[in-house]
>>> print(open('my_file_39.cif').read())   # mmCIF, N, CA and C atoms
data_target
loop_
_atom_site.label_atom_id
_atom_site.label_comp_id
_atom_site.auth_asym_id
_atom_site.auth_seq_id
_atom_site.Cartn_x
_atom_site.Cartn_y
_atom_site.Cartn_z
N MET U 1 -2.24 34.57 17.51
CA MET U 1 -1.21 34.11 16.59
C MET U 1 -0.70 32.73 17.02
N ARG U 2 -0.51 32.55 18.30
CA ARG U 2 -0.02 31.26 18.80
C ARG U 2 -1.05 30.16 18.55
N LEU U 3 -2.31 30.52 18.66
CA LEU U 3 -3.38 29.55 18.43
C LEU U 3 -3.36 29.08 16.97
N VAL U 4 -3.12 29.99 16.07
CA VAL U 4 -3.06 29.65 14.65
C VAL U 4 -1.89 28.70 14.39
N LEU U 5 -0.76 28.98 14.96
CA LEU U 5 0.40 28.11 14.78
C LEU U 5 0.15 26.73 15.38
N LEU U 6 -0.49 26.69 16.53
CA LEU U 6 -0.82 25.42 17.16
C LEU U 6 -1.78 24.62 16.29
N LEU U 7 -2.80 25.28 15.76
CA LEU U 7 -3.76 24.60 14.89
C LEU U 7 -3.08 24.07 13.63
N CYS U 8 -2.19 24.84 13.05
CA CYS U 8 -1.47 24.38 11.85
C CYS U 8 -0.62 23.16 12.16
N ALA U 9 0.03 23.17 13.29
CA ALA U 9 0.86 22.04 13.68
C ALA U 9 0.01 20.79 13.91
N LEU U 10 -1.12 20.95 14.55
CA LEU U 10 -2.00 19.81 14.81
C LEU U 10 -2.61 19.27 13.53
N LEU U 11 -3.00 20.15 12.62
CA LEU U 11 -3.59 19.70 11.36
C LEU U 11 -2.58 19.01 10.46
N SER U 12 -1.34 19.44 10.51
CA SER U 12 -0.33 18.79 9.68
C SER U 12 -0.05 17.38 10.17
N ALA U 13 -0.24 17.13 11.45
CA ALA U 13 -0.03 15.79 11.99
C ALA U 13 -1.10 14.83 11.49
N CYS U 14 -2.25 15.32 11.09
CA CYS U 14 -3.32 14.46 10.56
C CYS U 14 -2.93 13.85 9.22
N GLY U 15 -2.04 14.50 8.51
CA GLY U 15 -1.66 14.03 7.19
C GLY U 15 -0.41 13.19 7.18
N VAL U 16 0.02 12.70 8.31
CA VAL U 16 1.24 11.91 8.38
C VAL U 16 1.03 10.59 7.66
N VAL U 17 1.94 10.27 6.78
CA VAL U 17 1.86 9.03 6.02
C VAL U 17 2.72 7.98 6.73
N THR U 18 2.08 6.92 7.16
CA THR U 18 2.81 5.85 7.83
C THR U 18 3.10 4.75 6.83
N GLU U 19 3.98 3.86 7.21
CA GLU U 19 4.30 2.72 6.36
C GLU U 19 3.05 1.87 6.13
N GLN U 20 2.25 1.73 7.16
CA GLN U 20 1.03 0.92 7.03
C GLN U 20 0.03 1.57 6.08
N SER U 21 -0.17 2.87 6.17
CA SER U 21 -1.13 3.52 5.28
C SER U 21 -0.64 3.48 3.83
N PHE U 22 0.65 3.60 3.63
CA PHE U 22 1.22 3.51 2.29
C PHE U 22 0.98 2.11 1.70
N TYR U 23 1.24 1.08 2.50
CA TYR U 23 1.03 -0.29 2.05
C TYR U 23 -0.45 -0.55 1.75
N GLU U 24 -1.32 -0.09 2.62
CA GLU U 24 -2.75 -0.31 2.41
C GLU U 24 -3.24 0.42 1.16
N GLY U 25 -2.66 1.57 0.84
CA GLY U 25 -3.00 2.27 -0.39
C GLY U 25 -2.61 1.47 -1.62
N ILE U 26 -1.42 0.90 -1.60
CA ILE U 26 -0.97 0.05 -2.71
C ILE U 26 -1.86 -1.17 -2.82
N ARG U 27 -2.19 -1.75 -1.70
CA ARG U 27 -3.05 -2.95 -1.67
C ARG U 27 -4.42 -2.64 -2.27
N ALA U 28 -4.98 -1.49 -1.92
CA ALA U 28 -6.29 -1.10 -2.45
C ALA U 28 -6.22 -0.88 -3.96
N ASN U 29 -5.14 -0.25 -4.44
CA ASN U 29 -4.98 -0.05 -5.88
C ASN U 29 -4.87 -1.37 -6.62
N GLU U 30 -4.14 -2.31 -6.07
CA GLU U 30 -4.01 -3.62 -6.72
C GLU U 30 -5.35 -4.35 -6.75
N ARG U 31 -6.13 -4.21 -5.69
CA ARG U 31 -7.45 -4.84 -5.65
C ARG U 31 -8.35 -4.25 -6.73
N VAL U 32 -8.28 -2.93 -6.92
CA VAL U 32 -9.11 -2.28 -7.93
C VAL U 32 -8.68 -2.73 -9.33
N LYS U 33 -7.38 -2.81 -9.55
CA LYS U 33 -6.88 -3.23 -10.86
C LYS U 33 -7.29 -4.65 -11.22
N SER U 34 -7.31 -5.53 -10.22
CA SER U 34 -7.60 -6.93 -10.50
C SER U 34 -9.08 -7.28 -10.38
N ALA U 35 -9.91 -6.29 -10.12
CA ALA U 35 -11.35 -6.55 -9.97
C ALA U 35 -11.92 -7.11 -11.26
N GLY U 36 -12.57 -8.25 -11.15
CA GLY U 36 -13.22 -8.87 -12.30
C GLY U 36 -12.31 -9.69 -13.19
N THR U 37 -11.04 -9.83 -12.82
CA THR U 37 -10.12 -10.59 -13.65
C THR U 37 -9.93 -12.01 -13.16
N GLY U 38 -10.47 -12.33 -11.99
CA GLY U 38 -10.32 -13.67 -11.45
C GLY U 38 -8.98 -13.92 -10.79
N GLN U 39 -8.23 -12.88 -10.50
CA GLN U 39 -6.92 -13.02 -9.88
C GLN U 39 -6.96 -12.69 -8.40
N ASP U 40 -8.06 -13.06 -7.74
CA ASP U 40 -8.20 -12.77 -6.32
C ASP U 40 -7.19 -13.53 -5.47
N ASP U 41 -6.71 -14.68 -5.96
CA ASP U 41 -5.74 -15.45 -5.19
C ASP U 41 -4.38 -14.77 -5.13
N LYS U 42 -4.14 -13.79 -5.99
CA LYS U 42 -2.87 -13.07 -6.00
C LYS U 42 -2.95 -11.77 -5.21
N ALA U 43 -4.02 -11.58 -4.46
CA ALA U 43 -4.20 -10.35 -3.69
C ALA U 43 -3.12 -10.24 -2.63
N LEU U 44 -2.71 -9.01 -2.37
CA LEU U 44 -1.70 -8.76 -1.34
C LEU U 44 -2.28 -9.06 0.03
N PRO U 45 -1.47 -9.60 0.94
CA PRO U 45 -1.96 -9.88 2.30
C PRO U 45 -2.17 -8.58 3.08
N ASP U 46 -2.87 -8.66 4.20
CA ASP U 46 -3.04 -7.46 5.02
C ASP U 46 -1.68 -7.07 5.62
N TYR U 47 -1.63 -5.87 6.19
CA TYR U 47 -0.35 -5.32 6.62
C TYR U 47 0.31 -6.15 7.71
N ASP U 48 -0.47 -6.69 8.64
CA ASP U 48 0.12 -7.48 9.72
C ASP U 48 0.80 -8.74 9.19
N ARG U 49 0.17 -9.42 8.27
CA ARG U 49 0.77 -10.61 7.68
C ARG U 49 2.02 -10.23 6.86
N TYR U 50 1.93 -9.12 6.15
CA TYR U 50 3.06 -8.64 5.38
C TYR U 50 4.26 -8.38 6.29
N ARG U 51 4.03 -7.71 7.44
CA ARG U 51 5.13 -7.45 8.38
C ARG U 51 5.72 -8.73 8.93
N GLN U 52 4.86 -9.71 9.24
CA GLN U 52 5.36 -10.99 9.76
C GLN U 52 6.24 -11.69 8.73
N GLU U 53 5.80 -11.68 7.47
CA GLU U 53 6.60 -12.31 6.42
C GLU U 53 7.94 -11.61 6.23
N ARG U 54 7.93 -10.28 6.31
CA ARG U 54 9.19 -9.53 6.19
C ARG U 54 10.13 -9.85 7.32
N GLU U 55 9.61 -9.94 8.54
CA GLU U 55 10.45 -10.27 9.70
C GLU U 55 11.07 -11.65 9.55
N LEU U 56 10.29 -12.60 9.05
CA LEU U 56 10.82 -13.96 8.84
C LEU U 56 11.93 -13.96 7.79
N LEU U 57 11.79 -13.15 6.76
CA LEU U 57 12.81 -13.11 5.72
C LEU U 57 14.09 -12.43 6.20
N LYS U 58 13.98 -11.54 7.16
CA LYS U 58 15.16 -10.85 7.70
C LYS U 58 16.03 -11.77 8.54
N LYS U 59 15.43 -12.80 9.11
CA LYS U 59 16.16 -13.70 10.02
C LYS U 59 17.01 -14.68 9.28
#
>>> encode(input="my_file_39.cif", output="structure tokens")
Amino acid sequence: MRLVLLLCALLSACGVVTEQSFYEGIRANERVKSAGTGQDDKALPDYDRYRQERELLKK
């Protein structure tokens, strides 16, 4: 019984949604929507650049 509870706890940790994974999901959706429209210059930056820009705006 304890093993089952331990396995459930470990498996639920695999599905943790982080801020980065959420952002990358939105970024992927935007890329799919704009595919073939010629709006590649409006693509969202990667997560690291996005965080840097947010930090600069907070200051």
>>> residues_around(input="my_file_39.cif", residues="Ile26 (chain U)", least_positions_apart="3", cutoff="12 Å", atoms="only C-alpha atoms", output="PyMOL selection string")
chain U and resi 19-23+29-33+43-47
>>> atom_distance(input="my_file_39.cif", atom1="atom C of Lys59 (chain U)", atom2="atom N of Gly25 (chain U)")
26.9 Å
>>> select_by_dssp(input="my_file_39.cif", residues="region 4-39 of chain U", states="alpha helix (DSSP H)", output="mmCIF file with N, CA and C atoms, keeping the file's coordinate frame")
data_model
loop_
_atom_site.group_PDB
_atom_site.id
_atom_site.type_symbol
_atom_site.label_atom_id
_atom_site.label_comp_id
_atom_site.auth_asym_id
_atom_site.auth_seq_id
_atom_site.Cartn_x
_atom_site.Cartn_y
_atom_site.Cartn_z
ATOM 1 N N VAL U 4 -3.120 29.990 16.070
ATOM 2 C CA VAL U 4 -3.060 29.650 14.650
ATOM 3 C C VAL U 4 -1.890 28.700 14.390
ATOM 4 N N LEU U 5 -0.760 28.980 14.960
ATOM 5 C CA LEU U 5 0.400 28.110 14.780
ATOM 6 C C LEU U 5 0.150 26.730 15.380
ATOM 7 N N LEU U 6 -0.490 26.690 16.530
ATOM 8 C CA LEU U 6 -0.820 25.420 17.160
ATOM 9 C C LEU U 6 -1.780 24.620 16.290
ATOM 10 N N LEU U 7 -2.800 25.280 15.760
ATOM 11 C CA LEU U 7 -3.760 24.600 14.890
ATOM 12 C C LEU U 7 -3.080 24.070 13.630
ATOM 13 N N CYS U 8 -2.190 24.840 13.050
ATOM 14 C CA CYS U 8 -1.470 24.380 11.850
ATOM 15 C C CYS U 8 -0.620 23.160 12.160
ATOM 16 N N ALA U 9 0.030 23.170 13.290
ATOM 17 C CA ALA U 9 0.860 22.040 13.680
ATOM 18 C C ALA U 9 0.010 20.790 13.910
ATOM 19 N N LEU U 10 -1.120 20.950 14.550
ATOM 20 C CA LEU U 10 -2.000 19.810 14.810
ATOM 21 C C LEU U 10 -2.610 19.270 13.530
ATOM 22 N N LEU U 11 -3.000 20.150 12.620
ATOM 23 C CA LEU U 11 -3.590 19.700 11.360
ATOM 24 C C LEU U 11 -2.580 19.010 10.460
ATOM 25 N N SER U 12 -1.340 19.440 10.510
ATOM 26 C CA SER U 12 -0.330 18.790 9.680
ATOM 27 C C SER U 12 -0.050 17.380 10.170
ATOM 28 N N ALA U 13 -0.240 17.130 11.450
ATOM 29 C CA ALA U 13 -0.030 15.790 11.990
ATOM 30 C C ALA U 13 -1.100 14.830 11.490
ATOM 31 N N CYS U 14 -2.250 15.320 11.090
ATOM 32 C CA CYS U 14 -3.320 14.460 10.560
ATOM 33 C C CYS U 14 -2.930 13.850 9.220
ATOM 34 N N GLU U 19 3.980 3.860 7.210
ATOM 35 C CA GLU U 19 4.300 2.720 6.360
ATOM 36 C C GLU U 19 3.050 1.870 6.130
ATOM 37 N N GLN U 20 2.250 1.730 7.160
ATOM 38 C CA GLN U 20 1.030 0.920 7.030
ATOM 39 C C GLN U 20 0.030 1.570 6.080
ATOM 40 N N SER U 21 -0.170 2.870 6.170
ATOM 41 C CA SER U 21 -1.130 3.520 5.280
ATOM 42 C C SER U 21 -0.640 3.480 3.830
ATOM 43 N N PHE U 22 0.650 3.600 3.630
ATOM 44 C CA PHE U 22 1.220 3.510 2.290
ATOM 45 C C PHE U 22 0.980 2.110 1.700
ATOM 46 N N TYR U 23 1.240 1.080 2.500
ATOM 47 C CA TYR U 23 1.030 -0.290 2.050
ATOM 48 C C TYR U 23 -0.450 -0.550 1.750
ATOM 49 N N GLU U 24 -1.320 -0.090 2.620
ATOM 50 C CA GLU U 24 -2.750 -0.310 2.410
ATOM 51 C C GLU U 24 -3.240 0.420 1.160
ATOM 52 N N GLY U 25 -2.660 1.570 0.840
ATOM 53 C CA GLY U 25 -3.000 2.270 -0.390
ATOM 54 C C GLY U 25 -2.610 1.470 -1.620
ATOM 55 N N ILE U 26 -1.420 0.900 -1.600
ATOM 56 C CA ILE U 26 -0.970 0.050 -2.710
ATOM 57 C C ILE U 26 -1.860 -1.170 -2.820
ATOM 58 N N ARG U 27 -2.190 -1.750 -1.700
ATOM 59 C CA ARG U 27 -3.050 -2.950 -1.670
ATOM 60 C C ARG U 27 -4.420 -2.640 -2.270
ATOM 61 N N ALA U 28 -4.980 -1.490 -1.920
ATOM 62 C CA ALA U 28 -6.290 -1.100 -2.450
ATOM 63 C C ALA U 28 -6.220 -0.880 -3.960
ATOM 64 N N ASN U 29 -5.140 -0.250 -4.440
ATOM 65 C CA ASN U 29 -4.980 -0.050 -5.880
ATOM 66 C C ASN U 29 -4.870 -1.370 -6.620
ATOM 67 N N GLU U 30 -4.140 -2.310 -6.070
ATOM 68 C CA GLU U 30 -4.010 -3.620 -6.720
ATOM 69 C C GLU U 30 -5.350 -4.350 -6.750
ATOM 70 N N ARG U 31 -6.130 -4.210 -5.690
ATOM 71 C CA ARG U 31 -7.450 -4.840 -5.650
ATOM 72 C C ARG U 31 -8.350 -4.250 -6.730
ATOM 73 N N VAL U 32 -8.280 -2.930 -6.920
ATOM 74 C CA VAL U 32 -9.110 -2.280 -7.930
ATOM 75 C C VAL U 32 -8.680 -2.730 -9.330
ATOM 76 N N LYS U 33 -7.380 -2.810 -9.550
ATOM 77 C CA LYS U 33 -6.880 -3.230 -10.860
ATOM 78 C C LYS U 33 -7.290 -4.650 -11.220
#
>>> closest_residue(input="my_file_39.cif", among="U:Ser34, U:Val17, U:Cys8, U:Arg27", to="Tyr50 (chain U)", atoms="only C-alpha atoms")
U:Arg27
>>> atom_distance(input="my_file_39.cif", atom1="CA of Arg51 (chain U)", atom2="CA of Thr18 (chain U)")
13.5 Å
>>> atom_distance(input="my_file_39.cif", atom1="CA of Leu3 (chain U)", atom2="atom C of Val16 (chain U)")
22.2 Å
